[in-house]
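Coordinates from query-v4.csv are shown below (CSV, C-alpha atoms).
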```
chain,number,residue,atom,x,y,z
N,5,MET,CA,-4.2,-9.5,-3.0
N,6,PRO,CA,-8.0,-9.0,-2.5
N,7,ALA,CA,-9.9,-12.0,-1.4
N,8,GLU,CA,-10.1,-15.5,-2.5
N,9,THR,CA,-13.0,-15.6,-5.0
N,10,ALA,CA,-10.9,-16.6,-7.9
N,11,ALA,CA,-10.1,-19.9,-6.4
N,12,ASN,CA,-13.7,-20.7,-5.6
N,13,GLY,CA,-15.8,-19.1,-8.3
N,14,PRO,CA,-19.2,-17.5,-7.9
N,15,ALA,CA,-21.4,-18.9,-5.2
N,16,ASP,CA,-24.6,-20.8,-6.1
N,17,ALA,CA,-27.5,-18.3,-6.5
N,18,GLY,CA,-29.8,-18.1,-3.5
N,19,THR,CA,-27.4,-19.6,-0.9
N,20,ALA,CA,-27.9,-18.4,2.6
N,21,LEU,CA,-24.3,-18.8,3.8
N,22,PHE,CA,-22.7,-15.4,4.4
N,23,SER,CA,-19.3,-16.5,3.1
N,24,ALA,CA,-20.9,-17.7,-0.1
N,25,ARG,CA,-22.9,-14.5,-0.5
N,26,ILE,CA,-19.7,-12.5,-0.1
N,27,ARG,CA,-17.9,-14.6,-2.8
N,28,GLU,CA,-20.8,-14.2,-5.2
N,29,ALA,CA,-21.1,-10.5,-4.7
N,30,SER,CA,-17.4,-9.9,-5.1
N,31,TRP,CA,-16.8,-12.2,-8.1
N,32,SER,CA,-17.0,-9.6,-10.7
N,33,ARG,CA,-14.7,-7.2,-8.8
N,34,HIS,CA,-12.1,-10.0,-8.4
N,35,GLN,CA,-12.3,-10.7,-12.1
N,36,GLY,CA,-11.6,-7.1,-12.8
N,37,LEU,CA,-8.3,-7.3,-11.0
N,38,ASP,CA,-7.3,-10.6,-12.4
N,39,PRO,CA,-4.8,-10.1,-15.3
N,40,SER,CA,-6.0,-13.4,-16.9
N,41,ALA,CA,-9.7,-12.6,-16.7
N,42,ASP,CA,-10.1,-10.9,-20.1
N,43,PRO,CA,-7.1,-11.6,-22.3
N,44,ASP,CA,-8.6,-9.7,-25.2
N,45,ALA,CA,-9.1,-6.5,-23.3
N,46,ALA,CA,-7.1,-3.6,-24.8
N,47,LYS,CA,-5.1,-2.2,-21.8
N,48,ALA,CA,-1.6,-1.5,-20.9
N,49,PRO,CA,0.0,-4.3,-18.7
N,50,GLY,CA,-0.3,-3.4,-15.1
N,51,VAL,CA,1.5,-4.5,-11.9
N,52,PHE,CA,0.0,-8.0,-11.9
N,53,ASP,CA,0.5,-8.6,-15.6
N,54,ARG,CA,4.2,-7.5,-15.4
N,55,LEU,CA,4.9,-9.6,-12.3
N,56,PHE,CA,3.6,-12.7,-13.9
N,57,ASP,CA,5.2,-12.2,-17.3
N,58,GLY,CA,8.5,-11.3,-15.7
N,59,SER,CA,8.8,-7.7,-16.9
N,60,LEU,CA,8.1,-6.0,-13.6
N,61,SER,CA,11.3,-4.4,-12.3
N,62,VAL,CA,12.4,-5.0,-8.8
N,63,ASP,CA,12.2,-1.2,-8.2
N,64,ASP,CA,8.5,-1.1,-9.2
N,65,TYR,CA,7.9,-4.3,-7.2
N,66,THR,CA,9.4,-2.4,-4.2
N,67,ARG,CA,7.1,0.6,-4.8
N,68,TRP,CA,4.1,-1.7,-4.9
N,69,HIS,CA,5.2,-3.4,-1.7
N,70,ALA,CA,5.6,0.0,0.0
N,71,GLN,CA,2.0,0.9,-0.8
N,72,GLN,CA,0.8,-2.3,0.7
N,73,TYR,CA,2.6,-1.4,3.9
N,74,PHE,CA,0.3,1.5,4.6
N,75,VAL,CA,-2.8,-0.6,4.0
N,76,TYR,CA,-1.8,-3.4,6.4
N,77,GLU,CA,-0.6,-0.9,9.0
N,78,ALA,CA,-4.2,0.5,9.1
N,79,ILE,CA,-5.8,-2.9,9.1
N,80,GLU,CA,-3.6,-4.2,11.9
N,81,ALA,CA,-4.1,-1.1,14.0
N,82,ALA,CA,-7.8,-1.9,13.8
N,83,ALA,CA,-7.1,-5.5,14.8
N,84,VAL,CA,-5.5,-4.3,18.0
N,85,ARG,CA,-8.7,-2.3,18.8
N,86,PHE,CA,-11.0,-5.2,18.0
N,87,ALA,CA,-9.0,-8.0,19.5
N,88,ASP,CA,-11.4,-8.5,22.4
N,89,ASP,CA,-14.6,-7.5,20.5
N,90,PRO,CA,-17.2,-10.3,20.6
N,91,VAL,CA,-18.0,-9.8,16.9
N,92,ALA,CA,-14.7,-8.8,15.3
N,93,GLY,CA,-12.4,-10.5,17.8
N,94,PRO,CA,-12.8,-14.0,16.2
N,95,PHE,CA,-11.3,-12.6,13.0
N,96,VAL,CA,-8.2,-11.2,14.6
N,97,PHE,CA,-5.5,-13.9,14.0
N,98,PRO,CA,-1.9,-13.0,15.1
N,99,GLU,CA,-0.6,-15.5,12.5
N,100,LEU,CA,-2.1,-13.3,9.7
N,101,ALA,CA,-0.2,-10.1,10.7
N,102,ARG,CA,1.8,-8.8,7.7
N,103,VAL,CA,3.3,-5.6,8.9
N,104,PRO,CA,6.5,-7.2,10.4
N,105,ALA,CA,7.1,-9.1,7.2
N,106,ILE,CA,6.6,-6.1,5.0
N,107,GLU,CA,8.9,-4.1,7.2
N,108,ALA,CA,11.6,-6.8,6.8
N,109,ASP,CA,11.1,-7.0,3.1
N,110,LEU,CA,11.4,-3.2,2.7
N,111,LYS,CA,14.5,-3.1,4.8
N,112,PHE,CA,16.0,-5.8,2.5
N,113,LEU,CA,14.9,-4.0,-0.6
N,114,MET,CA,15.6,-0.4,0.4
N,115,GLY,CA,18.1,-0.6,3.3
N,116,PRO,CA,17.7,0.5,6.9
N,117,LYS,CA,16.4,4.0,6.0
N,118,TRP,CA,13.5,2.5,4.1
N,119,ARG,CA,10.8,4.4,6.1
N,120,SER,CA,12.1,7.7,4.9
N,121,GLY,CA,11.7,6.7,1.2
N,122,ILE,CA,8.0,5.6,1.2
N,123,GLU,CA,4.9,7.7,1.1
N,124,PRO,CA,1.3,6.7,0.3
N,125,LEU,CA,0.0,7.6,-3.1
N,126,PRO,CA,-3.2,9.7,-3.1
N,127,ALA,CA,-5.1,6.5,-3.9
N,128,THR,CA,-3.4,4.6,-1.1
N,129,LYS,CA,-4.2,7.4,1.3
N,130,ALA,CA,-7.9,7.3,0.3
N,131,TYR,CA,-7.8,3.6,0.9
N,132,VAL,CA,-6.2,3.9,4.4
N,133,ASP,CA,-8.6,6.8,5.3
N,134,ARG,CA,-11.5,4.5,4.5
N,135,ILE,CA,-10.2,1.7,6.6
N,136,ASP,CA,-9.6,4.1,9.5
N,137,GLU,CA,-13.0,5.6,9.2
N,138,VAL,CA,-15.1,2.5,8.8
N,139,SER,CA,-13.2,0.4,11.4
N,140,ALA,CA,-13.0,3.2,14.0
N,141,ASP,CA,-16.0,1.7,15.9
N,142,TRP,CA,-17.8,-0.7,13.6
N,143,PRO,CA,-16.7,-4.4,13.9
N,144,GLY,CA,-18.0,-5.1,10.4
N,145,GLY,CA,-15.6,-2.6,9.0
N,146,TYR,CA,-12.6,-4.5,10.3
N,147,ILE,CA,-14.1,-7.8,9.2
N,148,ALA,CA,-14.7,-6.5,5.7
N,149,HIS,CA,-11.2,-5.2,5.1
N,150,ALA,CA,-9.4,-8.0,6.9
N,151,TYR,CA,-11.3,-10.6,4.9
N,152,THR,CA,-10.6,-8.8,1.6
N,153,ARG,CA,-6.8,-8.7,2.1
N,154,TYR,CA,-5.9,-11.7,4.2
N,155,LEU,CA,-7.9,-14.4,2.4
N,156,GLY,CA,-6.6,-13.0,-0.8
N,157,ASP,CA,-3.0,-13.3,0.4
N,158,LEU,CA,-3.6,-16.9,1.3
N,159,SER,CA,-5.1,-17.7,-2.1
N,160,GLY,CA,-4.0,-15.9,-5.3
N,161,GLY,CA,-1.5,-13.9,-3.3
N,162,GLN,CA,0.6,-17.1,-3.0
N,163,ALA,CA,1.2,-16.9,-6.8
N,164,PHE,CA,2.5,-13.4,-6.4
N,165,GLY,CA,5.1,-14.7,-3.9
N,166,LYS,CA,6.2,-17.5,-6.3
N,167,ALA,CA,6.5,-15.0,-9.2
N,168,ALA,CA,8.6,-12.6,-7.1
N,169,ARG,CA,10.9,-15.4,-6.0
N,170,ARG,CA,11.2,-16.6,-9.5
N,171,ASN,CA,11.8,-13.2,-11.2
N,172,PHE,CA,14.0,-11.6,-8.6
N,173,GLY,CA,15.8,-14.6,-7.1
N,174,PHE,CA,14.4,-14.0,-3.6
N,175,GLU,CA,14.6,-16.7,-1.1
N,176,ASP,CA,13.0,-15.4,2.1
N,177,ASP,CA,13.9,-11.7,2.2
N,178,GLY,CA,12.0,-9.6,-0.3
N,179,ALA,CA,9.0,-11.9,-0.5
N,180,SER,CA,8.5,-12.9,3.2
N,181,PHE,CA,5.2,-10.9,3.0
N,182,TYR,CA,3.7,-14.0,1.2
N,183,VAL,CA,4.9,-16.5,3.8
N,184,PHE,CA,2.5,-17.5,6.5
N,185,ALA,CA,4.8,-19.6,8.6
N,186,ASP,CA,2.3,-20.2,11.4
N,187,ILE,CA,-0.5,-21.4,9.1
N,188,LYS,CA,0.2,-25.0,8.2
N,189,SER,CA,-2.7,-25.5,5.8
N,190,PRO,CA,-4.1,-22.4,4.1
N,191,LYS,CA,-7.0,-24.5,2.9
N,192,VAL,CA,-8.0,-25.6,6.4
N,193,PHE,CA,-7.4,-22.1,7.7
N,194,LYS,CA,-9.7,-20.5,5.0
N,195,GLU,CA,-12.4,-23.1,5.7
N,196,GLU,CA,-12.3,-22.1,9.4
N,197,TYR,CA,-12.3,-18.4,8.5
N,198,ARG,CA,-15.4,-18.9,6.3
N,199,ALA,CA,-17.1,-20.9,9.0
N,200,ARG,CA,-16.6,-18.0,11.4
N,201,LEU,CA,-18.1,-15.6,8.7
N,202,ASP,CA,-21.1,-17.9,8.5
N,203,ALA,CA,-21.6,-17.9,12.3
N,204,VAL,CA,-20.9,-14.2,12.8
N,205,ASP,CA,-23.3,-12.4,15.1
N,206,LEU,CA,-24.3,-9.5,12.8
N,207,PRO,CA,-27.8,-8.4,11.9
N,208,GLU,CA,-28.8,-8.7,8.2
N,209,ALA,CA,-28.4,-5.0,7.6
N,210,ASP,CA,-24.9,-5.2,8.9
N,211,LYS,CA,-24.1,-8.2,6.7
N,212,VAL,CA,-25.3,-6.3,3.7
N,213,ARG,CA,-23.1,-3.4,4.7
N,214,VAL,CA,-20.1,-5.7,5.1
N,215,ILE,CA,-20.6,-7.0,1.6
N,216,GLU,CA,-20.8,-3.4,0.3
N,217,GLU,CA,-17.6,-2.5,2.2
N,218,ILE,CA,-15.8,-5.5,0.7
N,219,LEU,CA,-16.7,-4.3,-2.8
N,220,LEU,CA,-15.5,-0.8,-1.8
N,221,ALA,CA,-12.2,-2.4,-0.7
N,222,TYR,CA,-11.8,-4.0,-4.1
N,223,ASP,CA,-12.4,-0.6,-5.7
N,224,HIS,CA,-9.8,1.1,-3.5
N,225,ASN,CA,-7.3,-1.7,-4.2
N,226,GLY,CA,-7.9,-1.3,-8.0
N,227,ALA,CA,-7.4,2.4,-7.7
N,228,VAL,CA,-4.0,1.9,-6.1
N,229,LEU,CA,-3.0,-0.6,-8.8
N,230,ASP,CA,-4.1,1.8,-11.5
N,231,ALA,CA,-2.0,4.6,-9.9
N,232,LEU,CA,1.0,2.4,-9.8
N,233,GLY,CA,0.4,1.2,-13.3
N,234,LYS,CA,0.6,4.7,-14.6
N,235,VAL,CA,4.2,5.2,-13.4
N,236,LEU,CA,5.7,1.8,-14.0
N,237,GLY,CA,9.2,2.2,-15.2
N,238,ARG,CA,9.2,6.0,-15.1
N,239,ASN,CA,11.3,6.7,-12.0
N,240,PRO,CA,15.0,6.3,-12.9
N,241,PHE,CA,16.0,6.3,-9.2
N,242,GLU,CA,16.1,3.1,-7.1
N,243,PRO,CA,13.9,3.2,-4.0
N,244,LYS,CA,17.0,2.7,-1.8
N,245,VAL,CA,18.6,5.8,-3.3
N,246,ILE,CA,15.4,7.8,-2.6
N,247,ALA,CA,15.2,6.5,0.9
N,248,ALA,CA,18.8,7.4,1.6
N,249,ILE,CA,18.5,11.0,0.3
N,250,CYS,CA,15.2,11.7,1.9
N,251,HIS,CA,16.5,10.4,5.2
N,252,HIS,CA,19.6,12.6,4.9
N,253,MET,CA,17.5,15.7,4.1
N,254,ASN,CA,15.0,15.0,6.9
N,255,THR,CA,17.5,14.3,9.6
N,256,ASP,CA,20.7,16.3,8.7
N,257,HIS,CA,19.1,19.1,6.8
N,258,ALA,CA,15.6,19.5,8.2
N,259,ALA,CA,15.9,23.3,8.3
N,260,ASP,CA,17.0,23.4,4.7
N,261,THR,CA,14.0,21.2,3.7
N,262,LEU,CA,11.7,23.7,5.5
N,263,VAL,CA,13.2,26.6,3.6
N,264,ILE,CA,12.7,24.9,0.3
N,265,CYS,CA,9.0,24.3,1.1
N,266,GLN,CA,8.6,27.9,2.3
N,267,GLY,CA,10.4,29.3,-0.8
N,268,VAL,CA,10.1,27.5,-4.1
N,269,GLY,CA,7.4,25.3,-2.6
N,270,GLY,CA,5.1,28.3,-2.2
N,271,GLN,CA,4.2,27.5,1.5
N,272,SER,CA,5.7,30.5,3.3
N,273,GLY,CA,3.6,29.6,6.4
N,274,ALA,CA,5.0,26.1,6.7
N,275,GLU,CA,5.9,25.1,10.2
N,276,THR,CA,7.8,21.9,9.6
N,277,ALA,CA,8.6,19.9,6.4
N,278,ARG,CA,10.0,16.7,5.2
N,279,MET,CA,11.1,15.3,1.8
N,280,THR,CA,9.0,12.4,0.8
N,281,GLY,CA,10.4,11.3,-2.5
N,282,PHE,CA,11.6,12.3,-6.0
N,283,ASP,CA,11.8,11.1,-9.5
N,284,GLY,CA,13.5,12.3,-12.7
N,285,ASP,CA,11.2,15.3,-13.0
N,286,GLY,CA,11.0,16.7,-9.5
N,287,ALA,CA,11.0,16.3,-5.8
N,288,ASP,CA,8.1,15.7,-3.4
N,289,PHE,CA,7.7,17.2,0.1
N,290,ALA,CA,5.1,17.4,2.8
N,291,ALA,CA,4.8,20.5,5.0
N,292,VAL,CA,2.7,21.3,8.0
N,293,VAL,CA,0.7,24.5,7.3
N,294,ASP,CA,-1.8,25.7,10.0
N,295,GLY,CA,-1.6,22.3,11.6
N,296,THR,CA,-2.4,20.3,8.4
N,297,GLU,CA,0.1,18.4,6.3
N,298,VAL,CA,0.0,19.4,2.7
N,299,PRO,CA,1.9,17.8,-0.2
N,300,ILE,CA,4.3,19.9,-2.3
N,301,ARG,CA,5.8,19.2,-5.7
N,302,VAL,CA,8.8,21.1,-6.9
N,303,ASP,CA,10.2,20.5,-10.4
N,304,TRP,CA,13.9,20.1,-11.2
N,305,ALA,CA,15.4,22.7,-13.6
N,306,ALA,CA,15.9,19.8,-16.1
N,307,PRO,CA,15.2,16.1,-16.0
N,308,LEU,CA,17.6,14.0,-13.8
N,309,SER,CA,18.7,10.4,-14.1
N,310,GLU,CA,21.8,10.0,-11.9
N,311,ARG,CA,22.2,10.1,-8.1
N,312,ALA,CA,25.0,12.6,-8.4
N,313,GLU,CA,22.7,15.1,-10.1
N,314,VAL,CA,20.3,15.3,-7.2
N,315,ARG,CA,22.4,17.1,-4.7
N,316,PRO,CA,23.2,20.1,-6.9
N,317,GLU,CA,19.5,20.5,-7.7
N,318,ILE,CA,18.6,20.4,-4.0
N,319,VAL,CA,21.3,23.1,-3.3
N,320,ARG,CA,19.8,25.2,-6.1
N,321,LEU,CA,16.3,24.9,-4.7
N,322,PHE,CA,17.6,25.9,-1.3
N,323,THR,CA,19.5,28.8,-2.6
N,324,GLU,CA,16.6,30.1,-4.7
N,325,SER,CA,14.3,29.6,-1.7
N,326,LYS,CA,16.5,31.4,0.7
N,327,SER,CA,16.9,34.3,-1.7
N,328,SER,CA,13.2,34.7,-2.3
N,329,LEU,CA,12.4,34.5,1.4
N,330,SER,CA,15.0,37.1,2.2
N,331,LEU,CA,13.6,39.4,-0.5
N,332,GLY,CA,10.1,38.9,1.0
N,333,ASP,CA,11.4,39.8,4.4
N,334,ALA,CA,13.0,42.9,3.0
N,335,ARG,CA,9.8,44.1,1.5
```
I need this file expressed as structure tokens, please.
Amino acid sequence: MPAETAANGPADAGTALFSARIREASWSRHQGLDPSADPDAAKAPGVFDRLFDGSLSVDDYTRWHAQQYFVYEAIEAAAVRFADDPVAGPFVFPELARVPAIEADLKFLMGPKWRSGIEPLPATKAYVDRIDEVSADWPGGYIAHAYTRYLGDLSGGQAFGKAARRNFGFEDDGASFYVFADIKSPKVFKEEYRARLDAVDLPEADKVRVIEEILLAYDHNGAVLDALGKVLGRNPFEPKVIAAICHHMNTDHAADTLVICQGVGGQSGAETARMTGFDGDGADFAAVVDGTEVPIRVDWAAPLSERAEVRPEIVRLFTESKSSLSLGDAR
């Protein structure tokens, strides 16, 4: 959940406090993500809307949760780099770390093979790439992305956790991402966080850049939500089924997966490959070609809706791929 502007409203015009400047600059972005901001807007219900009205399926909730994993993994990798930095270090709080909680939630939602069943959407990858790029050596980059996510989680994000527990019957597992057990008072914590923003040792040009980066973080988050919104309810397979089959293909049939990518996947030069997911229309793979991983989409012969239908289709893809590659060798 991007930052906490909804709870505070726009800052007073002309204020010199850095935290207030951030809130004022990001107010319109926050309103754009808030499902209650414009009730008359003509748009299809998105992830937030469906979570709050109770119509979001647990499968789509899981897919949303999975995309957040990649974002927080990137932010928390940057936190390790900046832990001792005199500028960014004061914003590295171990009690904010979300990756262990997301991992626990995904294990609960998808089973022990959960990692094989998640892959960043293109919009998520762009978001992660931006976090990696801007926080590689600039303290302000880490501050911008950490602020946008964590203070949002402590504010409006708490309503997400309540909705998930109410809709899906979760107690701890499944929504532990929203539980900050080591923060006794979110209000006091956020006040301290904003005080550190106001005292941060950054030149004015860098403060402006931080604000711009926060706005970009909102835009990236919005792009991920839009991408998820376009596929809500469209995948007939449970995430745990996808994880189990992908894990099986990538561990027990890695050579077959490579053949599929080289054959019907059209990447004859693929060096390694893995299955990354599937839906009712086709399967997704990632293959390393000339040292670079490239995505591959292969359509099923006909739409699928049952787990039992997946194996015969994978066998068909392998058989056709092996045949085409053999013919190519013969020529």
Exercise. Have a look at CA of Phe174 in chain N and CA of Pro126 in chain N and let me know their distance in Å, one decimal.
Key: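 Separating CA of Phe174 in chain N from CA of Pro126 in chain N is a distance of 29.5 Å.
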Quiz prompt | From N:Val192, N:Ala179, N:Val319, N:Leu206, residue lying nearest Met253 in chain N [all atoms listed in the file] | solution =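 Once distances to Met253 in chain N are computed over all atoms listed in the file, the minimum belongs to N:Val319.
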Exercise. Counting all atoms listed in the file, select every polymer residue within 6 Å of (19.5, 3.9, -0.3) as defined in the file's coordinates, and provide the selection as a list in words.
Key: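 Protein and nucleic acid residues near the point are Met114, Gly115, Lys244, Val245, Ala247 and Ala248 of chain N.
In this comparison, which uses only C-alpha atoms, the residue of N:Glu28, N:Leu125, N:Pro190, N:Gln266 approaching Gln162 in chain N most closely is N:Pro190.
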Practice problem: Find the spatial neighbours of Asp288 in chain N, counting only C-alpha atoms, within a cut-off of 10 Å - ignore same-chain residues fewer than 2 positions away - and output them as a VMD selection string. | Solution: chain N and resid 123 250 265 269 278 to 283 286 290 299 to 303
Quiz item: How many Å lie between CA of Ala277 in chain N and CA of Ala258 in chain N, rounded to one decimal?
Solution: 7.2 Å
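Using all atoms listed in the file, the smallest distance between any of N:Ala306, N:Ala83, N:Leu220, N:Val293 and Pro143 in chain N comes from N:Ala83.
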Can you take range 119-174 of chain N from the block and write C-alpha atoms as a compact mmCIF listing (two decimals), in the first residue's frame?
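Ended up saving to part_36.txt:
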```txt
# COMPACT_ATOMS: atom_id res chain seq x y z
CA ARG N 119 8.43 -20.07 -5.08
CA SER N 120 8.12 -22.12 -8.27
CA GLY N 121 4.65 -20.73 -8.91
CA ILE N 122 5.28 -16.99 -8.86
CA GLU N 123 6.85 -14.76 -11.45
CA PRO N 124 6.90 -10.96 -11.67
CA LEU N 125 4.52 -9.41 -14.17
CA PRO N 126 6.20 -7.09 -16.69
CA ALA N 127 4.88 -4.13 -14.67
CA THR N 128 6.30 -5.61 -11.47
CA LYS N 129 9.65 -6.25 -13.11
CA ALA N 130 9.77 -2.62 -14.26
CA TYR N 131 9.02 -1.54 -10.69
CA VAL N 132 11.73 -3.79 -9.25
CA ASP N 133 14.24 -2.71 -11.88
CA ARG N 134 13.60 0.91 -10.92
CA ILE N 135 14.11 0.18 -7.22
CA ASP N 136 17.37 -1.65 -7.99
CA GLU N 137 18.59 1.12 -10.26
CA VAL N 138 17.81 4.12 -8.09
CA SER N 139 18.89 2.53 -4.80
CA ALA N 140 22.11 1.04 -6.11
CA ASP N 141 24.17 3.89 -4.69
CA TRP N 142 21.79 6.76 -3.90
CA PRO N 143 20.48 6.88 -0.32
CA GLY N 144 17.53 8.99 -1.41
CA GLY N 145 16.37 6.19 -3.70
CA TYR N 146 16.04 3.80 -0.80
CA ILE N 147 14.32 6.43 1.34
CA ALA N 148 11.79 7.17 -1.40
CA HIS N 149 10.75 3.58 -2.01
CA ALA N 150 10.85 2.52 1.64
CA TYR N 151 8.68 5.48 2.65
CA THR N 152 6.16 4.85 -0.11
CA ARG N 153 5.61 1.23 0.83
CA TYR N 154 6.10 0.93 4.58
CA LEU N 155 4.22 3.97 5.80
CA GLY N 156 1.39 2.95 3.52
CA ASP N 157 1.38 -0.51 5.07
CA LEU N 158 1.12 1.03 8.52
CA SER N 159 -1.75 3.27 7.41
CA GLY N 160 -4.28 2.29 4.75
CA GLY N 161 -2.63 -1.10 4.41
CA GLN N 162 -4.07 -2.07 7.78
CA ALA N 163 -7.54 -1.92 6.24
CA PHE N 164 -6.37 -4.41 3.60
CA GLY N 165 -5.37 -6.85 6.32
CA LYS N 166 -8.73 -6.50 8.06
CA ALA N 167 -10.58 -7.06 4.78
CA ALA N 168 -8.49 -10.15 3.96
CA ARG N 169 -9.11 -11.66 7.38
CA ARG N 170 -12.82 -10.90 7.11
CA ASN N 171 -13.26 -12.17 3.54
CA PHE N 172 -11.09 -15.28 3.67
CA GLY N 173 -11.31 -16.27 7.31
CA PHE N 174 -7.58 -15.78 7.91
```
